[in-house]
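Following: one structure in structure tokens, then a few remarks.
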Amino acid sequence: MINQVDIASFGSFQALDWKKTVKDRGKTTQYFKRLNVLYGRNYSGKTTLSRVFRSLETRKLPPNYVGSAFTLTGDNGAVAHTDLLAHNYDVRVYNRDFVTDNLSFLVNQDASGVIKTFAIVGEQNKEIDDAIAAIEAKLGSMEGKAGLRFDLEAKKKERDRAKSAHISASNELDDKLRSHAAEKIKKNPNFRSPVYNIEHIRRDIATISKPGFVALTTEEQAGRIKLLKQEALPDITETLVVALKLESLTAIAEPLLSKTITPSKAVEELLKDSALQLWVKQGMGHHREKRDTCAFCRQDLPHDIWQVLDEHFSKESGDLETALDAAITAVTTEIDTVAGLNTFTGSQFYAVERTAFETSSKALSEALAVYKKDLEALKKSLETRKNNLFQLTALKTPSHDPKEIAKHVADINALIGTSNSKTATLEKDKTSATESLRLADVFAFAEAITYDKELSRIATLKTTADTASTVFTDAEKEIREAEAEIQVLRAKQKDERKGAIRVNELLNNFFGHDGIKLEARDDADKASVKFEITRGGNAAYNLSEGECSLIAFCYFMAKLEAPESKGKELIIYIDDPISSLDGNHIFFMFSLIESLITRPVKKPNCPNAYRYKQLFISTHNLDFLKYLKRLSIPSKKVPAADGGKAKSVSDHEYFMIERNGGSSNIMLMPSYLKDYTTEFHYLFHQIYKCKDQAAAAENHEPFFGFGNNLRKFLEAFLFFKFPYHDNKGEPFERVKKFFGDEEDIAIALVNRLSNEFSHLEEVPDRGFKPVEIPEIAKVANFVLDKIYASDKVQYNALLKSIGEPERVD
């Protein structure tokens, strides 16, 4: 169904406004219904609107309508002037262009005018009819809630639901990727990615998903971040050299520690006390040739003290002591050297090498500390032997590992080489560090959002959506094939001669016009037929406008039974079929529409079916409009507001088209046209509204117009009540006849209100006085009571016509 039409420009029209004007009293925009009646005067825009609909039928704009712009919106989506070739609406339009295209003879009644032939279903063929009926039953319908068409809607909903679920899940994941790419990576200075979007993060996720990928540890990430901040360092021009001398020093010290010496004439007391012996030896340097007395006890030194001591401390022991001092000095020098072996610092290295250097440097320091202890042990052994020259001293086995020290030295030297080479590759290393940091971040992000599981879920949803789409497509294809099969079967029944016969049936049955006929005659080649209008068996010319209208409309109605139209859910637009027809033909035109289009098809135990999907009828003729109000009103089910059982409501609306300069407006039909069959009913309703003076507080308009309405109503009512009276010069003669002489006061009041209140020029100051509500209500009740007393049946019929309950006294 078409819901609304928005026309920016079409031909000479600048606009046909919808949203601004088609609103109910609650300011809610109203849309087209299943049945739509449009009234408008000539040149108001009715034909323009019909041409917009016909462009959907022909799938092209009318000639000379370049630059037009419009949009029709409906159940099957919007159709703009730019995409007329691709829409799913089956539209059939009767208007002036239809007559020109199909019945040009009616426009040019000469040899150049033709009437296009069309075929409808020919003679009945039971087997074909049964086959068509079986396929139609299989196809079913939405209204019948059965068959392929009904099932297709469920499949469509499932397809849309599955597609929506897949799109939603995919978009949700994309939103996460897009947000992380923009907020966490693009804006992170460590990643140096000024251009980074969802495609980049997808590529990174593909990289981390490859076998063998290992993300950086927290410590490694810290190192990479340090590298990014690293500036180029100067090369380290030296290498670490550690030459261990313990082995050579031990070779010197070992014979000294193990050498045996004996004094020439030992002093037993000194041999037994090494400390005393050391004390004496040290004291010899303080006393020989310096003192004659002991510096400790002040006693005189024995006269042979130096001879005794020289015989105890021989030259051999002196030489040993000298050698021991030299060895101790060498060992001490080596000990002092250990502290200055490694002078490199971590600041000389790049971040990654710095960590390794500090590890190796620490290990080297620990190994050299063991080496130093071995030196100190050697020194101590030498000092022990020196302190007791006549006592052999054992040498302690070294604890250090020269190979370990050499390894640490080699590692540090290798790091020096690596660090030096980093200067040339620093920028490349930073790029690599940036990438590894970014991939580590993406890896953590993918783990956090369970990316692989989400991909699996989305893949499952896509499979479901694809399956549902395939099921829908297959079902749609099955319906198209079934419909095509119906068309093939109907084509076997096609009979172009039956088209002419059907037109004549409509002319004769509905209009009683058997003088003019449409005959199918063999063409010159006898391979086809052509239509010809005849009168009395001869070609008819000089047809009247009314005859042309009758033939054209019957032709259109018969053409709806052609194979390309029959059985389809059609949107039908009938534009102003009334021209100069008389009243009888107007009624039969209404009867034709009612019988063949709008009258519902009754089906047992099923809702009513309709021969049309949607119907539009426009007219300028008020008499025809009156009949159109009698068309069968379609209904539809709508859910109850409280969630209860659905209720049935009418599905029709009355519209009005008005032209304003170069544009037209569509609006809801005013109540005076929509609700009343004649002006007489309207006037009666206005008088009835004035019977209660309290009503003026809410709706005062009927009271202001009461005088004029009463005068016009009484003129019409009393004319038909008393079509003839003798005293034509008496203006109130009919009033007196109806109300009677006994009601003089009331009659006078009626005459006053109907005269003064409807003709201000007779009483100029009347317009400056307040409306006399009590008098109006009194007169209204008087008139209504008199009508009721005169003819109760007529009065109740008038009440019924305005939707009021019958009066029962």
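The chains in the structure tokens are called A, B, ... from first to last as shown; in each chain the residues are counted from 1, and the ligands are counted from 1 in the order shown.
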Exercise for the section: For Ser635 (chain A), please output as a ChimeraX atom specification all residues within 6 Å (counting only C-alpha atoms; exclusion window: fewer than 4 positions along the same chain). Expected result: /A:649-651
The selected residues should be written to file as a tab-separated table (two decimals), in the first residue's frame (atoms: all heavy atoms).
```
chain	number	residue	atom	x	y	z
A	649	VAL	N	-11.54	-2.11	12.67
A	649	VAL	CA	-11.81	-0.69	12.43
A	649	VAL	C	-11.87	-0.46	10.93
A	649	VAL	O	-11.31	-1.23	10.13
A	649	VAL	CB	-10.72	0.20	13.06
A	649	VAL	CG1	-10.68	0.02	14.56
A	649	VAL	CG2	-9.35	-0.11	12.46
A	650	SER	N	-12.56	0.60	10.54
A	650	SER	CA	-12.66	0.92	9.11
A	650	SER	C	-11.30	1.36	8.58
A	650	SER	O	-10.50	1.95	9.30
A	650	SER	CB	-13.70	2.02	8.89
A	650	SER	OG	-13.30	3.22	9.51
A	651	ASP	N	-11.08	1.08	7.31
A	651	ASP	CA	-9.79	1.39	6.68
A	651	ASP	C	-10.05	2.25	5.45
A	651	ASP	O	-9.80	1.85	4.32
A	651	ASP	CB	-9.07	0.08	6.31
A	651	ASP	CG	-7.61	0.32	5.95
A	651	ASP	OD1	-7.14	1.45	6.14
A	651	ASP	OD2	-6.96	-0.63	5.49
```
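Closest approach to Ile773 (chain A) from the set A:Val79, A:Cys690, A:Ile633, A:Ile516 is made by A:Cys690, with distances taken over only C-alpha atoms.
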Practice task
Please return as number ranges by chain: the residues of region 450-635 of chain A that backbone DSSP assigns to alpha helix (DSSP H).
Solution key: A: 451-493, 496-511, 545-559, 583-593, 622-628
Practice task
List every residue of region 515-571 of chain A that DSSP, applied to the backbone of this structure, assigns to strand (DSSP E), and report them as a list in words.
Solution key: Ile516, Lys517, Leu518, Glu519, Ala520, Arg521, Asp522, Val529, Lys530, Phe531, Glu532, Ile533, Thr534, Arg535, Asn538, Ala539 and Ile571 of chain A
Handout entry: Selection: 7 Å around Met667 (chain A), only C-alpha atoms, excl. self and same-chain fewer than 5 positions, as an NGL selection string
Key = :A and (21-22 or 655-657)
Generate a file of the selected residues that holds C-alpha atoms, formatted as a PDB file, in the first residue's frame.
```pdb
ATOM      1  CA  THR A  21      -1.805  19.785   5.803  1.00  0.00           C
ATOM      2  CA  VAL A  22      -2.949  16.175   6.266  1.00  0.00           C
ATOM      3  CA  PHE A 655      -9.463  13.812   1.397  1.00  0.00           C
ATOM      4  CA  MET A 656      -9.737  17.162  -0.327  1.00  0.00           C
ATOM      5  CA  ILE A 657      -7.310  18.736  -2.805  1.00  0.00           C
TER       6      ILE A 657
END
```
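Of the listed residues A:Thr239, A:Ser469, A:Ser168, A:Thr218, the one whose atoms come nearest to Leu341 (chain A) is A:Thr239, with distances taken using only C-alpha atoms.
Put simply, CA of Ala181 (chain A) is 5.5 Å away from CA of Asn197 (chain A).
The closest residue to Phe717 (chain A), picked from A:Gln794, A:Thr47, A:Ser68, A:Asn102 and counting only C-alpha atoms, is A:Gln794.
Going from CA of Val352 (chain A) over to CA of Lys407 (chain A), you cover 19.5 Å.
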For region 419-428 of chain A, find every residue with an atom within 8 Å (counting only C-alpha atoms), except residues of its own chain fewer than 3 positions away, and show them as a PDB file with all heavy atoms, in the first residue's frame.
```pdb
ATOM      1  N   ALA A 232      70.878   8.607  20.901  1.00  0.00           N
ATOM      2  CA  ALA A 232      72.080   7.933  20.399  1.00  0.00           C
ATOM      3  C   ALA A 232      73.251   8.155  21.367  1.00  0.00           C
ATOM      4  O   ALA A 232      73.491   9.272  21.832  1.00  0.00           O
ATOM      5  CB  ALA A 232      72.426   8.457  19.013  1.00  0.00           C
ATOM      6  N   LEU A 233      73.994   7.091  21.676  1.00  0.00           N
ATOM      7  CA  LEU A 233      75.128   7.142  22.603  1.00  0.00           C
ATOM      8  C   LEU A 233      76.442   7.084  21.836  1.00  0.00           C
ATOM      9  O   LEU A 233      76.517   6.489  20.748  1.00  0.00           O
ATOM     10  CB  LEU A 233      75.054   5.955  23.572  1.00  0.00           C
ATOM     11  CG  LEU A 233      73.836   5.906  24.517  1.00  0.00           C
ATOM     12  CD1 LEU A 233      73.853   4.605  25.308  1.00  0.00           C
ATOM     13  CD2 LEU A 233      73.840   7.101  25.458  1.00  0.00           C
ATOM     14  N   PRO A 234      77.508   7.683  22.423  1.00  0.00           N
ATOM     15  CA  PRO A 234      78.834   7.541  21.765  1.00  0.00           C
ATOM     16  C   PRO A 234      79.325   6.101  21.874  1.00  0.00           C
ATOM     17  O   PRO A 234      78.975   5.375  22.799  1.00  0.00           O
ATOM     18  CB  PRO A 234      79.710   8.508  22.563  1.00  0.00           C
ATOM     19  CG  PRO A 234      79.020   8.643  23.887  1.00  0.00           C
ATOM     20  CD  PRO A 234      77.559   8.528  23.624  1.00  0.00           C
ATOM     21  N   ASP A 235      80.143   5.704  20.912  1.00  0.00           N
ATOM     22  CA  ASP A 235      80.688   4.343  20.935  1.00  0.00           C
ATOM     23  C   ASP A 235      81.599   4.148  22.138  1.00  0.00           C
ATOM     24  O   ASP A 235      82.289   5.070  22.589  1.00  0.00           O
ATOM     25  CB  ASP A 235      81.470   4.059  19.657  1.00  0.00           C
ATOM     26  CG  ASP A 235      80.545   3.860  18.465  1.00  0.00           C
ATOM     27  OD1 ASP A 235      79.320   3.723  18.686  1.00  0.00           O
ATOM     28  OD2 ASP A 235      81.051   3.861  17.322  1.00  0.00           O
ATOM     29  N   ILE A 236      81.665   2.926  22.659  1.00  0.00           N
ATOM     30  CA  ILE A 236      82.601   2.542  23.727  1.00  0.00           C
ATOM     31  C   ILE A 236      83.881   2.084  23.022  1.00  0.00           C
ATOM     32  O   ILE A 236      83.880   1.070  22.312  1.00  0.00           O
ATOM     33  CB  ILE A 236      82.009   1.410  24.588  1.00  0.00           C
ATOM     34  CG1 ILE A 236      80.657   1.863  25.188  1.00  0.00           C
ATOM     35  CG2 ILE A 236      82.964   1.022  25.701  1.00  0.00           C
ATOM     36  CD1 ILE A 236      79.911   0.758  25.911  1.00  0.00           C
ATOM     37  N   PHE A 349      75.564   2.031  27.889  1.00  0.00           N
ATOM     38  CA  PHE A 349      74.896   1.056  27.040  1.00  0.00           C
ATOM     39  C   PHE A 349      73.453   1.491  26.767  1.00  0.00           C
ATOM     40  O   PHE A 349      72.850   2.242  27.538  1.00  0.00           O
ATOM     41  CB  PHE A 349      74.872  -0.326  27.716  1.00  0.00           C
ATOM     42  CG  PHE A 349      76.229  -0.941  27.891  1.00  0.00           C
ATOM     43  CD1 PHE A 349      77.033  -0.623  28.984  1.00  0.00           C
ATOM     44  CD2 PHE A 349      76.712  -1.849  26.956  1.00  0.00           C
ATOM     45  CE1 PHE A 349      78.266  -1.186  29.141  1.00  0.00           C
ATOM     46  CE2 PHE A 349      77.952  -2.422  27.113  1.00  0.00           C
ATOM     47  CZ  PHE A 349      78.738  -2.093  28.202  1.00  0.00           C
ATOM     48  N   TYR A 350      72.881   0.970  25.654  1.00  0.00           N
ATOM     49  CA  TYR A 350      71.469   1.175  25.352  1.00  0.00           C
ATOM     50  C   TYR A 350      70.622   0.325  26.290  1.00  0.00           C
ATOM     51  O   TYR A 350      71.127  -0.581  26.962  1.00  0.00           O
ATOM     52  CB  TYR A 350      71.179   0.827  23.898  1.00  0.00           C
ATOM     53  CG  TYR A 350      71.767   1.841  22.932  1.00  0.00           C
ATOM     54  CD1 TYR A 350      72.909   1.541  22.187  1.00  0.00           C
ATOM     55  CD2 TYR A 350      71.178   3.091  22.774  1.00  0.00           C
ATOM     56  CE1 TYR A 350      73.443   2.475  21.307  1.00  0.00           C
ATOM     57  CE2 TYR A 350      71.716   4.027  21.898  1.00  0.00           C
ATOM     58  CZ  TYR A 350      72.844   3.714  21.172  1.00  0.00           C
ATOM     59  OH  TYR A 350      73.382   4.635  20.313  1.00  0.00           O
ATOM     60  N   GLU A 353      70.777  -3.614  26.165  1.00  0.00           N
ATOM     61  CA  GLU A 353      72.102  -4.084  26.529  1.00  0.00           C
ATOM     62  C   GLU A 353      72.452  -3.684  27.965  1.00  0.00           C
ATOM     63  O   GLU A 353      73.232  -4.376  28.638  1.00  0.00           O
ATOM     64  CB  GLU A 353      73.160  -3.523  25.575  1.00  0.00           C
ATOM     65  CG  GLU A 353      73.123  -4.122  24.179  1.00  0.00           C
ATOM     66  CD  GLU A 353      71.916  -3.658  23.398  1.00  0.00           C
ATOM     67  OE1 GLU A 353      71.465  -2.507  23.610  1.00  0.00           O
ATOM     68  OE2 GLU A 353      71.401  -4.456  22.592  1.00  0.00           O
ATOM     69  N   LEU A 415      78.617  -7.339  24.573  1.00  0.00           N
ATOM     70  CA  LEU A 415      77.601  -6.302  24.748  1.00  0.00           C
ATOM     71  C   LEU A 415      78.127  -4.946  24.299  1.00  0.00           C
ATOM     72  O   LEU A 415      77.367  -4.111  23.775  1.00  0.00           O
ATOM     73  CB  LEU A 415      77.156  -6.227  26.209  1.00  0.00           C
ATOM     74  CG  LEU A 415      76.317  -7.407  26.723  1.00  0.00           C
ATOM     75  CD1 LEU A 415      76.108  -7.307  28.228  1.00  0.00           C
ATOM     76  CD2 LEU A 415      74.970  -7.435  26.005  1.00  0.00           C
ATOM     77  N   ILE A 416      79.425  -4.728  24.508  1.00  0.00           N
ATOM     78  CA  ILE A 416      80.040  -3.481  24.035  1.00  0.00           C
ATOM     79  C   ILE A 416      79.921  -3.402  22.518  1.00  0.00           C
ATOM     80  O   ILE A 416      79.540  -2.372  21.951  1.00  0.00           O
ATOM     81  CB  ILE A 416      81.519  -3.386  24.477  1.00  0.00           C
ATOM     82  CG1 ILE A 416      81.587  -3.182  26.001  1.00  0.00           C
ATOM     83  CG2 ILE A 416      82.220  -2.246  23.750  1.00  0.00           C
ATOM     84  CD1 ILE A 416      82.980  -3.246  26.569  1.00  0.00           C
ATOM     85  N   THR A 431      61.610   1.397  15.846  1.00  0.00           N
ATOM     86  CA  THR A 431      60.433   0.999  15.061  1.00  0.00           C
ATOM     87  C   THR A 431      59.995  -0.407  15.430  1.00  0.00           C
ATOM     88  O   THR A 431      58.803  -0.699  15.599  1.00  0.00           O
ATOM     89  CB  THR A 431      60.743   1.071  13.562  1.00  0.00           C
ATOM     90  OG1 THR A 431      61.120   2.406  13.224  1.00  0.00           O
ATOM     91  CG2 THR A 431      59.547   0.659  12.730  1.00  0.00           C
ATOM     92  N   SER A 432      61.003  -1.293  15.561  1.00  0.00           N
ATOM     93  CA  SER A 432      60.695  -2.667  15.959  1.00  0.00           C
ATOM     94  C   SER A 432      60.104  -2.712  17.362  1.00  0.00           C
ATOM     95  O   SER A 432      59.155  -3.464  17.634  1.00  0.00           O
ATOM     96  CB  SER A 432      61.974  -3.515  15.892  1.00  0.00           C
ATOM     97  OG  SER A 432      61.719  -4.830  16.337  1.00  0.00           O
TER      98      SER A 432
END
```
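Near Gly144 (chain A), within 8 Å and counting only C-alpha atoms, sit Gly140, Phe150, Cys606 and Pro607 of chain A; same-chain residues fewer than 4 positions away were not included.
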Would you export the selected residues with C-alpha atoms as a short mmCIF file (atom, residue, chain, number, x, y, z; two decimals), in the first residue's frame, please?
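Output below, filename selection08.cif:
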```cif
data_model
loop_
_atom_site.label_atom_id
_atom_site.label_comp_id
_atom_site.auth_asym_id
_atom_site.auth_seq_id
_atom_site.Cartn_x
_atom_site.Cartn_y
_atom_site.Cartn_z
CA GLY A 140 -2.65 -18.61 -0.24
CA PHE A 150 1.68 -16.27 4.40
CA CYS A 606 -12.72 -16.35 6.98
CA PRO A 607 -12.38 -12.57 7.02
#
```
Neighbours of Leu228 (chain A) within 9 Å (only C-alpha atoms; same-chain residues fewer than 4 positions away dropped), as an mmCIF file with C-alpha atoms, in the first residue's frame?
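Resulting contents of out18.cif:
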```
data_model
loop_
_atom_site.group_PDB
_atom_site.id
_atom_site.type_symbol
_atom_site.label_atom_id
_atom_site.label_comp_id
_atom_site.auth_asym_id
_atom_site.auth_seq_id
_atom_site.Cartn_x
_atom_site.Cartn_y
_atom_site.Cartn_z
ATOM 1 C CA ASN A 190 54.674 4.914 22.651
ATOM 2 C CA GLY A 223 62.695 -2.204 28.305
ATOM 3 C CA ARG A 224 61.138 -1.349 24.945
ATOM 4 C CA GLU A 427 65.783 4.138 14.658
ATOM 5 C CA ASP A 429 65.213 -0.788 16.649
ATOM 6 C CA LYS A 430 62.807 1.844 17.899
ATOM 7 C CA THR A 431 60.433 0.999 15.061
ATOM 8 C CA ALA A 433 60.146 -1.839 19.628
ATOM 9 C CA THR A 434 57.077 0.238 18.754
#
```
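Around Cys548 (chain A), within 12 Å and counting only C-alpha atoms, the residues found are Arg96, Val99, Thr100, Leu103, Ser104, Phe105, Leu106, Val107, Asn108, Gln109, Leu507, Ile516, Lys517, Leu518, Ile533, Ala540, Tyr541, Asn542, Cys554, Tyr555, Pro577, Ile578, Ser579, Ser580 and Leu581 of chain A, once anything fewer than 6 positions away on its own chain is removed.
The spacing separating CA of Ile666 (chain A) from CA of Glu57 (chain A) amounts to 22.1 Å.
Considering only C-alpha atoms, the residue among A:His408, A:Lys786, A:Arg203, A:Lys372 positioned nearest to Leu439 (chain A) is A:Arg203.
In terms of minimum interatomic distance to Val37 (chain A), A:Glu653 ranks closest within A:Glu481, A:Glu247, A:Glu653, A:Glu383, counting only C-alpha atoms.
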